[in-house]
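Have a look at upload.cif; it's mmCIF, C-alpha atoms:
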data_start
#
loop_
_atom_site.group_PDB
_atom_site.id
_atom_site.type_symbol
_atom_site.label_atom_id
_atom_site.label_comp_id
_atom_site.auth_asym_id
_atom_site.auth_seq_id
_atom_site.Cartn_x
_atom_site.Cartn_y
_atom_site.Cartn_z
ATOM 1 C CA MET A 1 -60.429 43.101 -16.817
ATOM 2 C CA ALA A 2 -57.429 42.324 -18.971
ATOM 3 C CA GLU A 3 -54.940 43.785 -16.509
ATOM 4 C CA PRO A 4 -55.685 41.350 -13.652
ATOM 5 C CA ALA A 5 -55.428 38.403 -16.055
ATOM 6 C CA SER A 6 -52.073 39.599 -17.363
ATOM 7 C CA ALA A 7 -50.894 40.223 -13.783
ATOM 8 C CA ASN A 8 -51.899 36.698 -12.779
ATOM 9 C CA LEU A 9 -50.116 35.303 -15.823
ATOM 10 C CA LEU A 10 -46.991 37.273 -14.928
ATOM 11 C CA GLU A 11 -47.095 36.018 -11.355
ATOM 12 C CA THR A 12 -47.507 32.454 -12.616
ATOM 13 C CA ASN A 13 -44.478 32.872 -14.873
ATOM 14 C CA HIS A 14 -42.444 34.197 -11.962
ATOM 15 C CA ILE A 15 -43.461 31.228 -9.813
ATOM 16 C CA ILE A 16 -42.509 28.800 -12.569
ATOM 17 C CA LEU A 17 -39.142 30.511 -13.030
ATOM 18 C CA LEU A 18 -38.477 30.431 -9.306
ATOM 19 C CA VAL A 19 -39.339 26.727 -9.120
ATOM 20 C CA VAL A 20 -37.130 25.904 -12.111
ATOM 21 C CA GLY A 21 -34.314 28.031 -10.700
ATOM 22 C CA GLY A 22 -34.625 26.329 -7.318
ATOM 23 C CA VAL A 23 -34.499 22.862 -8.868
ATOM 24 C CA LEU A 24 -31.441 23.807 -10.929
ATOM 25 C CA LEU A 25 -29.770 25.263 -7.873
ATOM 26 C CA ILE A 26 -30.358 22.076 -5.875
ATOM 27 C CA ILE A 27 -28.989 19.961 -8.731
ATOM 28 C CA ALA A 28 -25.919 22.212 -8.995
ATOM 29 C CA ILE A 29 -25.295 22.058 -5.243
ATOM 30 C CA PHE A 30 -25.514 18.263 -5.138
ATOM 31 C CA GLY A 31 -23.331 17.960 -8.233
ATOM 32 C CA ALA A 32 -20.688 20.269 -6.794
ATOM 33 C CA LEU A 33 -20.739 18.431 -3.455
ATOM 34 C CA ALA A 34 -20.323 15.091 -5.222
ATOM 35 C CA VAL A 35 -17.334 16.390 -7.179
ATOM 36 C CA ILE A 36 -15.777 17.925 -4.054
ATOM 37 C CA ILE A 37 -16.221 14.767 -1.984
ATOM 38 C CA SER A 38 -14.725 12.598 -4.695
ATOM 39 C CA MET A 39 -11.930 15.129 -5.166
ATOM 40 C CA LEU A 40 -10.588 14.533 -1.651
ATOM 41 C CA ASN A 41 -10.563 10.749 -2.089
ATOM 42 C CA TYR A 42 -6.918 10.576 -3.139
ATOM 43 C CA GLU A 43 -5.492 7.687 -1.221
ATOM 44 C CA GLU A 44 -6.384 4.333 -2.686
ATOM 45 C CA SER A 45 -5.285 0.907 -1.615
ATOM 46 C CA PRO A 46 -2.586 -0.906 -3.596
ATOM 47 C CA VAL A 47 -5.224 -3.479 -4.519
ATOM 48 C CA HIS A 48 -7.269 -0.840 -6.358
ATOM 49 C CA ASP A 49 -4.155 0.459 -8.091
ATOM 50 C CA ARG A 50 -3.222 -3.040 -9.237
ATOM 51 C CA LEU A 51 -6.758 -3.765 -10.410
ATOM 52 C CA ARG A 52 -6.730 -0.552 -12.404
ATOM 53 C CA MET A 53 -3.418 -1.546 -13.968
ATOM 54 C CA PHE A 54 -4.808 -4.920 -15.029
ATOM 55 C CA LYS A 55 -7.969 -3.254 -16.286
ATOM 56 C CA GLU A 56 -5.980 -0.910 -18.517
ATOM 57 C CA LYS A 57 -3.937 -3.815 -19.877
ATOM 58 C CA GLY A 58 -7.054 -5.961 -20.311
ATOM 59 C CA THR A 59 -5.482 -9.022 -18.658
ATOM 60 C CA PHE A 60 -7.741 -9.415 -15.648
ATOM 61 C CA GLU A 61 -11.372 -10.279 -16.244
ATOM 62 C CA GLY A 62 -12.466 -9.416 -12.728
ATOM 63 C CA ALA A 63 -11.291 -5.837 -13.200
ATOM 64 C CA LYS A 64 -13.373 -5.296 -16.329
ATOM 65 C CA ARG A 65 -16.445 -4.330 -14.361
ATOM 66 C CA LYS A 66 -17.978 -1.204 -15.787
ATOM 67 C CA ALA A 67 -17.823 1.906 -13.669
ATOM 68 C CA GLY A 68 -20.993 3.485 -12.352
ATOM 69 C CA ALA A 69 -22.809 6.350 -13.995
ATOM 70 C CA PHE A 70 -21.376 8.820 -11.519
ATOM 71 C CA ASP A 71 -17.821 7.604 -12.151
ATOM 72 C CA ASP A 72 -18.289 7.999 -15.894
ATOM 73 C CA LEU A 73 -19.754 11.476 -15.437
ATOM 74 C CA HIS A 74 -16.944 12.402 -13.069
ATOM 75 C CA GLU A 75 -14.228 11.248 -15.435
ATOM 76 C CA ALA A 76 -15.906 12.994 -18.358
ATOM 77 C CA LEU A 77 -16.069 16.214 -16.364
ATOM 78 C CA LEU A 78 -12.391 15.889 -15.443
ATOM 79 C CA THR A 79 -11.481 15.309 -19.080
ATOM 80 C CA PHE A 80 -13.433 18.397 -20.065
ATOM 81 C CA ALA A 81 -11.882 20.510 -17.260
ATOM 82 C CA GLU A 82 -8.285 19.389 -17.811
ATOM 83 C CA PRO A 83 -7.501 21.904 -20.620
ATOM 84 C CA VAL A 84 -8.970 24.685 -18.476
ATOM 85 C CA SER A 85 -6.837 23.575 -15.547
ATOM 86 C CA GLN A 86 -3.692 23.457 -17.672
ATOM 87 C CA LYS A 87 -4.447 26.922 -18.996
ATOM 88 C CA LEU A 88 -4.990 28.381 -15.514
ATOM 89 C CA TYR A 89 -2.499 26.507 -13.345
ATOM 90 C CA GLY A 90 -0.302 24.413 -15.626
ATOM 91 C CA GLN A 91 2.440 27.013 -16.040
ATOM 92 C CA ASN A 92 2.433 28.232 -12.442
ATOM 93 C CA LEU A 93 5.198 26.176 -10.843
ATOM 94 C CA LYS A 94 4.988 28.120 -7.590
ATOM 95 C CA TYR A 95 1.329 27.256 -7.161
ATOM 96 C CA GLN A 96 2.022 23.600 -7.976
ATOM 97 C CA LYS A 97 4.544 23.519 -5.124
ATOM 98 C CA GLU A 98 1.946 25.080 -2.826
ATOM 99 C CA VAL A 99 -0.603 22.436 -3.822
ATOM 100 C CA LYS A 100 1.923 19.680 -3.189
ATOM 101 C CA SER A 101 2.678 21.149 0.237
ATOM 102 C CA MET A 102 -1.049 21.374 1.078
ATOM 103 C CA LEU A 103 -1.623 17.783 -0.003
ATOM 104 C CA THR A 104 1.298 16.650 2.129
ATOM 105 C CA GLU A 105 0.081 18.540 5.190
ATOM 106 C CA ALA A 106 -3.389 17.085 4.695
ATOM 107 C CA GLY A 107 -1.956 13.555 4.715
ATOM 108 C CA LEU A 108 -2.797 12.842 1.058
ATOM 109 C CA LEU A 109 -0.663 11.616 -1.790
ATOM 110 C CA ASP A 110 1.552 14.403 -3.079
ATOM 111 C CA ASN A 111 2.960 13.117 -6.367
ATOM 112 C CA GLU A 112 2.672 14.988 -9.643
ATOM 113 C CA GLU A 113 -0.373 13.008 -10.717
ATOM 114 C CA GLN A 114 -2.347 13.960 -7.616
ATOM 115 C CA VAL A 115 -1.264 17.599 -7.876
ATOM 116 C CA SER A 116 -2.521 17.691 -11.458
ATOM 117 C CA ARG A 117 -5.709 15.893 -10.420
ATOM 118 C CA PHE A 118 -6.406 18.405 -7.646
ATOM 119 C CA MET A 119 -5.990 21.335 -10.027
ATOM 120 C CA THR A 120 -8.237 19.625 -12.582
ATOM 121 C CA GLN A 121 -10.921 18.982 -9.986
ATOM 122 C CA ARG A 122 -10.662 22.560 -8.815
ATOM 123 C CA ALA A 123 -11.392 23.718 -12.355
ATOM 124 C CA ALA A 124 -14.197 21.135 -12.617
ATOM 125 C CA VAL A 125 -15.982 22.465 -9.546
ATOM 126 C CA GLY A 126 -15.651 25.978 -10.931
ATOM 127 C CA ILE A 127 -17.143 24.918 -14.268
ATOM 128 C CA VAL A 128 -20.084 23.158 -12.583
ATOM 129 C CA LEU A 129 -20.965 26.074 -10.317
ATOM 130 C CA GLY A 130 -20.338 28.627 -13.056
ATOM 131 C CA ALA A 131 -22.627 26.813 -15.479
ATOM 132 C CA ALA A 132 -25.308 26.433 -12.796
ATOM 133 C CA ALA A 133 -25.107 30.124 -11.905
ATOM 134 C CA PHE A 134 -25.314 31.040 -15.609
ATOM 135 C CA VAL A 135 -28.428 28.923 -16.195
ATOM 136 C CA ILE A 136 -30.203 30.118 -13.052
ATOM 137 C CA THR A 137 -29.422 33.753 -13.792
ATOM 138 C CA PHE A 138 -30.528 33.315 -17.400
ATOM 139 C CA VAL A 139 -33.876 31.933 -16.252
ATOM 140 C CA CYS A 140 -34.441 34.487 -13.485
ATOM 141 C CA THR A 141 -33.418 37.570 -15.504
ATOM 142 C CA PHE A 142 -35.146 36.520 -18.737
ATOM 143 C CA GLY A 143 -31.870 36.200 -20.635
ATOM 144 C CA MET A 144 -29.963 39.367 -19.659
ATOM 145 C CA ILE A 145 -26.493 38.497 -20.934
ATOM 146 C CA SER A 146 -24.582 40.945 -18.727
ATOM 147 C CA TYR A 147 -26.000 39.437 -15.538
ATOM 148 C CA CYS A 148 -25.493 35.926 -16.859
ATOM 149 C CA LEU A 149 -21.830 36.531 -17.650
ATOM 150 C CA PHE A 150 -21.289 38.095 -14.242
ATOM 151 C CA ALA A 151 -22.937 35.073 -12.588
ATOM 152 C CA LEU A 152 -20.816 32.724 -14.707
ATOM 153 C CA LEU A 153 -17.612 34.462 -13.654
ATOM 154 C CA GLY A 154 -18.633 34.647 -9.994
ATOM 155 C CA GLY A 155 -19.737 31.010 -9.905
ATOM 156 C CA PHE A 156 -16.507 29.843 -11.535
ATOM 157 C CA MET A 157 -14.309 31.846 -9.151
ATOM 158 C CA GLY A 158 -16.310 30.705 -6.124
ATOM 159 C CA GLY A 159 -16.213 27.092 -7.276
ATOM 160 C CA THR A 160 -12.447 27.102 -7.722
ATOM 161 C CA MET A 161 -12.026 28.432 -4.186
ATOM 162 C CA ILE A 162 -14.113 25.702 -2.512
ATOM 163 C CA PRO A 163 -11.694 22.743 -3.047
ATOM 164 C CA GLN A 164 -8.695 24.720 -1.840
ATOM 165 C CA PHE A 165 -10.614 25.854 1.239
ATOM 166 C CA LEU A 166 -11.641 22.279 2.048
ATOM 167 C CA LEU A 167 -8.086 21.041 1.571
ATOM 168 C CA LYS A 168 -6.740 23.705 3.917
ATOM 169 C CA GLN A 169 -9.378 22.812 6.503
ATOM 170 C CA LYS A 170 -8.398 19.153 6.244
ATOM 171 C CA ALA A 171 -4.740 20.102 6.801
ATOM 172 C CA VAL A 172 -5.636 22.269 9.821
ATOM 173 C CA LYS A 173 -7.724 19.456 11.322
ATOM 174 C CA ARG A 174 -4.876 16.997 10.832
ATOM 175 C CA LYS A 175 -2.354 19.324 12.457
ATOM 176 C CA THR A 176 -4.656 19.819 15.440
ATOM 177 C CA GLU A 177 -5.032 16.069 15.864
ATOM 178 C CA ILE A 178 -1.263 15.558 15.715
ATOM 179 C CA ARG A 179 -0.692 18.233 18.371
ATOM 180 C CA TYR A 180 -3.352 16.742 20.617
ATOM 181 C CA THR A 181 -2.077 13.146 20.451
ATOM 182 C CA MET A 182 1.663 13.796 20.516
ATOM 183 C CA PRO A 183 2.164 13.696 24.339
ATOM 184 C CA ASP A 184 0.532 10.256 24.661
ATOM 185 C CA THR A 185 2.516 9.003 21.677
ATOM 186 C CA LEU A 186 5.762 10.205 23.251
ATOM 187 C CA ASP A 187 4.876 8.425 26.502
ATOM 188 C CA LEU A 188 4.536 5.210 24.542
ATOM 189 C CA MET A 189 7.892 5.872 22.887
ATOM 190 C CA VAL A 190 9.479 6.387 26.311
ATOM 191 C CA VAL A 191 8.083 3.048 27.509
ATOM 192 C CA CYS A 192 9.413 1.267 24.418
ATOM 193 C CA VAL A 193 12.880 2.839 24.660
ATOM 194 C CA GLU A 194 13.172 2.115 28.380
ATOM 195 C CA ALA A 195 12.080 -1.465 27.728
ATOM 196 C CA GLY A 196 15.229 -1.935 25.627
ATOM 197 C CA LEU A 197 13.973 -1.429 22.093
ATOM 198 C CA GLY A 198 16.111 0.487 19.634
ATOM 199 C CA LEU A 199 14.910 3.708 18.075
ATOM 200 C CA ASP A 200 13.958 2.074 14.765
ATOM 201 C CA SER A 201 12.076 -0.730 16.512
ATOM 202 C CA THR A 202 10.394 1.848 18.747
ATOM 203 C CA ILE A 203 9.163 3.782 15.739
ATOM 204 C CA GLN A 204 7.755 0.637 14.166
ATOM 205 C CA ARG A 205 6.061 -0.493 17.387
ATOM 206 C CA VAL A 206 4.584 2.932 18.119
ATOM 207 C CA ALA A 207 3.267 3.173 14.555
ATOM 208 C CA GLU A 208 1.440 -0.120 15.052
ATOM 209 C CA GLU A 209 0.094 0.652 18.532
ATOM 210 C CA THR A 210 -1.170 4.159 17.712
ATOM 211 C CA GLU A 211 -2.986 3.204 14.520
ATOM 212 C CA ARG A 212 -6.384 3.620 16.201
ATOM 213 C CA MET A 213 -5.525 6.092 18.934
ATOM 214 C CA ALA A 214 -3.587 8.537 16.746
ATOM 215 C CA PRO A 215 -3.937 7.548 13.068
ATOM 216 C CA GLU A 216 -2.230 10.677 11.750
ATOM 217 C CA ILE A 217 0.923 10.206 13.820
ATOM 218 C CA SER A 218 0.830 6.504 13.027
ATOM 219 C CA HIS A 219 0.759 7.374 9.330
ATOM 220 C CA GLU A 220 3.787 9.641 9.706
ATOM 221 C CA PHE A 221 5.721 7.037 11.708
ATOM 222 C CA LYS A 222 4.917 4.344 9.165
ATOM 223 C CA ARG A 223 6.195 6.559 6.394
ATOM 224 C CA LEU A 224 9.291 7.292 8.454
ATOM 225 C CA ASN A 225 9.836 3.570 8.981
ATOM 226 C CA LYS A 226 9.514 2.932 5.244
ATOM 227 C CA GLU A 227 12.135 5.584 4.509
ATOM 228 C CA LEU A 228 14.497 4.046 7.061
ATOM 229 C CA ASN A 229 13.987 0.575 5.551
ATOM 230 C CA ALA A 230 14.618 2.041 2.087
ATOM 231 C CA GLY A 231 18.123 3.054 3.163
ATOM 232 C CA ILE A 232 17.628 6.744 3.875
ATOM 233 C CA SER A 233 19.770 7.947 6.742
ATOM 234 C CA ARG A 234 18.082 8.473 10.086
ATOM 235 C CA ILE A 235 18.850 12.196 10.114
ATOM 236 C CA ASP A 236 17.380 12.774 6.656
ATOM 237 C CA ALA A 237 14.328 10.628 7.432
ATOM 238 C CA PHE A 238 13.536 12.561 10.616
ATOM 239 C CA GLN A 239 14.095 15.876 8.871
ATOM 240 C CA ASN A 240 11.718 14.806 6.101
ATOM 241 C CA MET A 241 9.044 13.883 8.625
ATOM 242 C CA GLY A 242 9.453 17.189 10.466
ATOM 243 C CA SER A 243 9.073 19.262 7.314
ATOM 244 C CA ARG A 244 6.378 17.032 5.816
ATOM 245 C CA ALA A 245 3.707 17.314 8.518
ATOM 246 C CA GLY A 246 3.887 21.094 8.905
ATOM 247 C CA VAL A 247 3.545 20.881 12.710
ATOM 248 C CA ASP A 248 6.065 22.834 14.777
ATOM 249 C CA GLU A 249 5.892 20.399 17.695
ATOM 250 C CA LEU A 250 6.676 17.424 15.464
ATOM 251 C CA ARG A 251 9.443 19.349 13.728
ATOM 252 C CA SER A 252 10.997 20.154 17.118
ATOM 253 C CA LEU A 253 10.695 16.505 18.168
ATOM 254 C CA CYS A 254 12.548 15.358 15.054
ATOM 255 C CA ALA A 255 15.279 17.949 15.654
ATOM 256 C CA MET A 256 15.652 16.830 19.282
ATOM 257 C CA ILE A 257 15.896 13.153 18.329
ATOM 258 C CA VAL A 258 18.483 13.941 15.652
ATOM 259 C CA GLN A 259 20.505 15.987 18.128
ATOM 260 C CA ALA A 260 20.286 13.285 20.813
ATOM 261 C CA ASP A 261 21.391 10.696 18.270
ATOM 262 C CA LYS A 262 24.370 12.837 17.243
ATOM 263 C CA MET A 263 25.451 13.730 20.782
ATOM 264 C CA GLY A 264 24.866 10.257 22.190
ATOM 265 C CA THR A 265 22.541 11.458 24.964
ATOM 266 C CA SER A 266 19.634 9.473 26.352
ATOM 267 C CA VAL A 267 16.720 9.415 23.943
ATOM 268 C CA ALA A 268 14.333 8.322 26.713
ATOM 269 C CA ASP A 269 15.118 11.364 28.876
ATOM 270 C CA THR A 270 14.755 13.660 25.874
ATOM 271 C CA LEU A 271 11.374 12.184 24.987
ATOM 272 C CA ARG A 272 10.135 12.301 28.598
ATOM 273 C CA ILE A 273 11.036 15.966 29.049
ATOM 274 C CA TYR A 274 9.525 16.932 25.727
ATOM 275 C CA ALA A 275 6.356 14.937 26.468
ATOM 276 C CA ASP A 276 5.899 16.829 29.751
ATOM 277 C CA ASP A 277 6.400 20.116 27.929
ATOM 278 C CA LEU A 278 3.840 19.189 25.263
ATOM 279 C CA ARG A 279 1.360 18.071 27.909
ATOM 280 C CA THR A 280 1.725 21.439 29.629
ATOM 281 C CA LYS A 281 1.155 23.238 26.330
ATOM 282 C CA ARG A 282 -1.909 21.108 25.648
ATOM 283 C CA ARG A 283 -3.370 21.994 29.033
ATOM 284 C CA GLN A 284 -2.649 25.679 28.478
ATOM 285 C CA ARG A 285 -4.270 25.496 25.065
ATOM 286 C CA ALA A 286 -7.368 23.922 26.603
ATOM 287 C CA GLU A 287 -7.484 26.642 29.271
ATOM 288 C CA GLU A 288 -7.201 29.288 26.576
ATOM 289 C CA LEU A 289 -10.113 27.786 24.648
ATOM 290 C CA ALA A 290 -12.154 27.600 27.854
ATOM 291 C CA SER A 291 -11.499 31.267 28.593
ATOM 292 C CA LYS A 292 -12.592 32.216 25.077
ATOM 293 C CA ALA A 293 -15.861 30.318 25.428
ATOM 294 C CA SER A 294 -17.499 32.992 27.573
ATOM 295 C CA ILE A 295 -16.638 35.683 25.019
ATOM 296 C CA LYS A 296 -17.928 33.582 22.132
ATOM 297 C CA MET A 297 -21.198 32.983 23.991
ATOM 298 C CA THR A 298 -21.842 36.726 24.272
ATOM 299 C CA PHE A 299 -23.089 37.139 20.701
ATOM 300 C CA PRO A 300 -25.589 34.210 20.756
ATOM 301 C CA LEU A 301 -26.842 35.406 24.140
ATOM 302 C CA VAL A 302 -27.412 38.971 22.953
ATOM 303 C CA LEU A 303 -28.908 38.045 19.575
ATOM 304 C CA PHE A 304 -30.948 34.900 20.253
ATOM 305 C CA ILE A 305 -31.452 34.338 23.986
ATOM 306 C CA PHE A 306 -31.931 37.752 25.610
ATOM 307 C CA PRO A 307 -34.664 39.052 23.227
ATOM 308 C CA PRO A 308 -37.024 36.068 23.752
ATOM 309 C CA LEU A 309 -36.280 36.177 27.480
ATOM 310 C CA PHE A 310 -37.177 39.874 27.660
ATOM 311 C CA ILE A 311 -40.375 39.226 25.699
ATOM 312 C CA ILE A 312 -41.399 36.424 28.042
ATOM 313 C CA LEU A 313 -40.601 38.383 31.202
ATOM 314 C CA MET A 314 -41.706 41.868 30.184
ATOM 315 C CA GLY A 315 -44.555 40.952 27.833
ATOM 316 C CA PRO A 316 -47.217 40.304 30.507
ATOM 317 C CA ILE A 317 -46.191 43.445 32.391
ATOM 318 C CA VAL A 318 -46.463 45.612 29.285
ATOM 319 C CA ILE A 319 -49.841 44.112 28.368
ATOM 320 C CA SER A 320 -51.264 44.634 31.855
ATOM 321 C CA THR A 321 -49.926 48.204 31.927
ATOM 322 C CA LEU A 322 -51.546 48.994 28.566
ATOM 323 C CA LYS A 323 -54.844 47.522 29.725
ATOM 324 C CA SER A 324 -54.767 49.592 32.926
ATOM 325 C CA PHE A 325 -54.466 52.759 30.814
ATOM 326 C CA GLY A 326 -57.257 51.599 28.569
ATOM 327 C CA ILE A 327 -55.012 50.922 25.601
ATOM 328 C CA GLY A 328 -55.461 47.766 23.551
#

Produce structure tokens that represent the structure in this file.
Amino acid sequence: MAEPASANLLETNHIILLVVGGVLLIIAIFGALAVIISMLNYEESPVHDRLRMFKEKGTFEGAKRKAGAFDDLHEALLTFAEPVSQKLYGQNLKYQKEVKSMLTEAGLLDNEEQVSRFMTQRAAVGIVLGAAAFVITFVCTFGMISYCLFALLGGFMGGTMIPQFLLKQKAVKRKTEIRYTMPDTLDLMVVCVEAGLGLDSTIQRVAEETERMAPEISHEFKRLNKELNAGISRIDAFQNMGSRAGVDELRSLCAMIVQADKMGTSVADTLRIYADDLRTKRRQRAEELASKASIKMTFPLVLFIFPPLFIILMGPIVISTLKSFGIG
């Protein structure tokens, strides 16, 4: 009679460990998601920057509002992860350039502070997931150190890969949006140039008009306009925009405008021809995606749709056949 009691006690302990492990896993997932979401929030308004400056100096009473509990926890986690980040990525100048390029392509701030912040947050996510994996493994394996260390290492490596993956996905999404909205933006530029506006005025007007329709291109044109107003030459400003976005179509557009400006040819004709070419490429890209749809639907059809359909159609026939032979 003692064996069933001990078996029930063991099963109860396993259930308790599973529940505790599940709760810890949920907490770790939500914590990691919160850190990742806040990590990508780079761009802040000048008002927030100025309020922060006054808050640090202690000269503005309205900026002395205490941060929330999550902000304090986030900053504490970043402070704790900063030495780890410096140890892992601080001496790798090549990787820092790659991070700066990824931030630029994603449309985020790309100064040294944001590069360092991204690397710190990458280490922070790794620490959070690594610690969560260590605790869960420790509870589930009754304290087997080898498994716990393996889980710690795997959780840390997986956590450090998540922010970089999300940043790359953000850059890919931004590039796709720029490619999709470029033909319509060029049509608007053609209208402005043919209406008598200069190239600089056209850039400013298009940046204002496309703020809702194509926010990514509008952001690039606004940055281009700021560089032109700062005194940078038109050739250098267009070259910077072409290399900054990481989109081949935009890089080609900048090269064509620079060449037309050098040779003295019509900018309107250049933009019109290139807009037609981009519109053709966009239509071909849509046709390519449409042709791939049938192939992509094959796997869901075979795995999830055909089996239930066969069961519904053939089930009654099989049952009636078995009954006719006296089976079942």

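Atom pair CA of Gly130 (chain A) / CA of Cys148 (chain A): separated by 9.7 Å.
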
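The residues returned by the PyMOL selection byres ((chain A and resi 163) around 8) for this structure are Ile36, Met39, Gln121, Arg122, Val125, Gly159, Thr160, Met161, Ile162, Gln164, Phe165, Leu166 and Leu167 of chain A.
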
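What the PyMOL selection byres ((chain A and resi 227) around 12) picks from this file is Asp200, Ile203, Gln204, Glu220, Phe221, Lys222, Arg223, Leu224, Asn225, Lys226, Leu228, Asn229, Ala230, Gly231, Ile232, Ser233, Arg234, Ile235, Asp236, Ala237, Phe238, Gln239, Asn240 and Met241 of chain A.
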
Same residues, C-alpha atoms, saved as a short mmCIF file (atom, residue, chain, number, x, y, z; two decimals), in the frame of the given file:
data_model
loop_
_atom_site.label_atom_id
_atom_site.label_comp_id
_atom_site.auth_asym_id
_atom_site.auth_seq_id
_atom_site.Cartn_x
_atom_site.Cartn_y
_atom_site.Cartn_z
CA ASP A 200 13.96 2.07 14.76
CA ILE A 203 9.16 3.78 15.74
CA GLN A 204 7.76 0.64 14.17
CA GLU A 220 3.79 9.64 9.71
CA PHE A 221 5.72 7.04 11.71
CA LYS A 222 4.92 4.34 9.16
CA ARG A 223 6.20 6.56 6.39
CA LEU A 224 9.29 7.29 8.45
CA ASN A 225 9.84 3.57 8.98
CA LYS A 226 9.51 2.93 5.24
CA LEU A 228 14.50 4.05 7.06
CA ASN A 229 13.99 0.57 5.55
CA ALA A 230 14.62 2.04 2.09
CA GLY A 231 18.12 3.05 3.16
CA ILE A 232 17.63 6.74 3.88
CA SER A 233 19.77 7.95 6.74
CA ARG A 234 18.08 8.47 10.09
CA ILE A 235 18.85 12.20 10.11
CA ASP A 236 17.38 12.77 6.66
CA ALA A 237 14.33 10.63 7.43
CA PHE A 238 13.54 12.56 10.62
CA GLN A 239 14.10 15.88 8.87
CA ASN A 240 11.72 14.81 6.10
CA MET A 241 9.04 13.88 8.62
#

Determine, counting only C-alpha atoms, which protein, DNA and RNA residues have an atom within 12 Å of an atom of Thr181 (chain A); residues of the same chain fewer than 5 positions away are not included. Present the result as a list in words. Arg174, Lys175, Thr176, Leu186, Asp187, Leu188, Thr210, Glu211, Arg212, Met213, Ala214, Pro215, Glu216, Ile217, Ser218, Glu249, Leu250, Ala275, Leu278, Arg279 and Arg282 of chain A

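Reported to one decimal place, the separation of CA of Pro300 (chain A) from CA of Val318 (chain A) is 25.3 Å.
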
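Residue nearest Val172 (chain A) within the list A:Cys254, A:Leu301, A:Leu93, A:Ala245: A:Ala245 [criterion: smallest interatomic distance, all atoms listed in the file].
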
Top pick for closest residue to Gln169 (chain A), considering A:Met144, A:Met102, A:Leu129, A:Leu253 and counting only C-alpha atoms: A:Met102

Surrounding residues of region 191-196 of chain A excluding itself and chain neighbours under 3 positions, 12 Å, all atoms listed in the file, as an MDAnalysis selection string: chainID A and resid 184:188 199:207 209 266:272

List the neighbours of Arg244 (chain A) out to 8 Å using only C-alpha atoms; skip same-chain residues closer than 2 positions along the sequence, and give me the result as a PyMOL selection string. chain A and resi 101+104-105+240-242+246

Between CA of Gly155 (chain A) and CA of Phe142 (chain A), measure the distance and give it in Å to one decimal. 18.6 Å

Selected residue, from A:Val84, A:Ile145, A:Leu103, A:Met119, that lies nearest to Ala171 (chain A) when counting only C-alpha atoms: A:Leu103

I'd like to see the residues matched by the PyMOL selection byres ((chain A and resi 78) around 9) on this file, and ideally I'd get them as an mmCIF file with C-alpha atoms, in the coordinates of the input.
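Written output follows (selection17.cif):
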data_model
loop_
_atom_site.group_PDB
_atom_site.id
_atom_site.type_symbol
_atom_site.label_atom_id
_atom_site.label_comp_id
_atom_site.auth_asym_id
_atom_site.auth_seq_id
_atom_site.Cartn_x
_atom_site.Cartn_y
_atom_site.Cartn_z
ATOM 1 C CA LEU A 73 -19.754 11.476 -15.437
ATOM 2 C CA HIS A 74 -16.944 12.402 -13.069
ATOM 3 C CA GLU A 75 -14.228 11.248 -15.435
ATOM 4 C CA ALA A 76 -15.906 12.994 -18.358
ATOM 5 C CA LEU A 77 -16.069 16.214 -16.364
ATOM 6 C CA THR A 79 -11.481 15.309 -19.080
ATOM 7 C CA PHE A 80 -13.433 18.397 -20.065
ATOM 8 C CA ALA A 81 -11.882 20.510 -17.260
ATOM 9 C CA GLU A 82 -8.285 19.389 -17.811
ATOM 10 C CA ARG A 117 -5.709 15.893 -10.420
ATOM 11 C CA THR A 120 -8.237 19.625 -12.582
ATOM 12 C CA GLN A 121 -10.921 18.982 -9.986
ATOM 13 C CA ALA A 123 -11.392 23.718 -12.355
ATOM 14 C CA ALA A 124 -14.197 21.135 -12.617
#

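Restricting the calculation to all atoms listed in the file, the smallest distance between Lys170 (chain A) and any of A:Ala255, A:Gly107, A:Pro307, A:Lys87 is found for A:Gly107.
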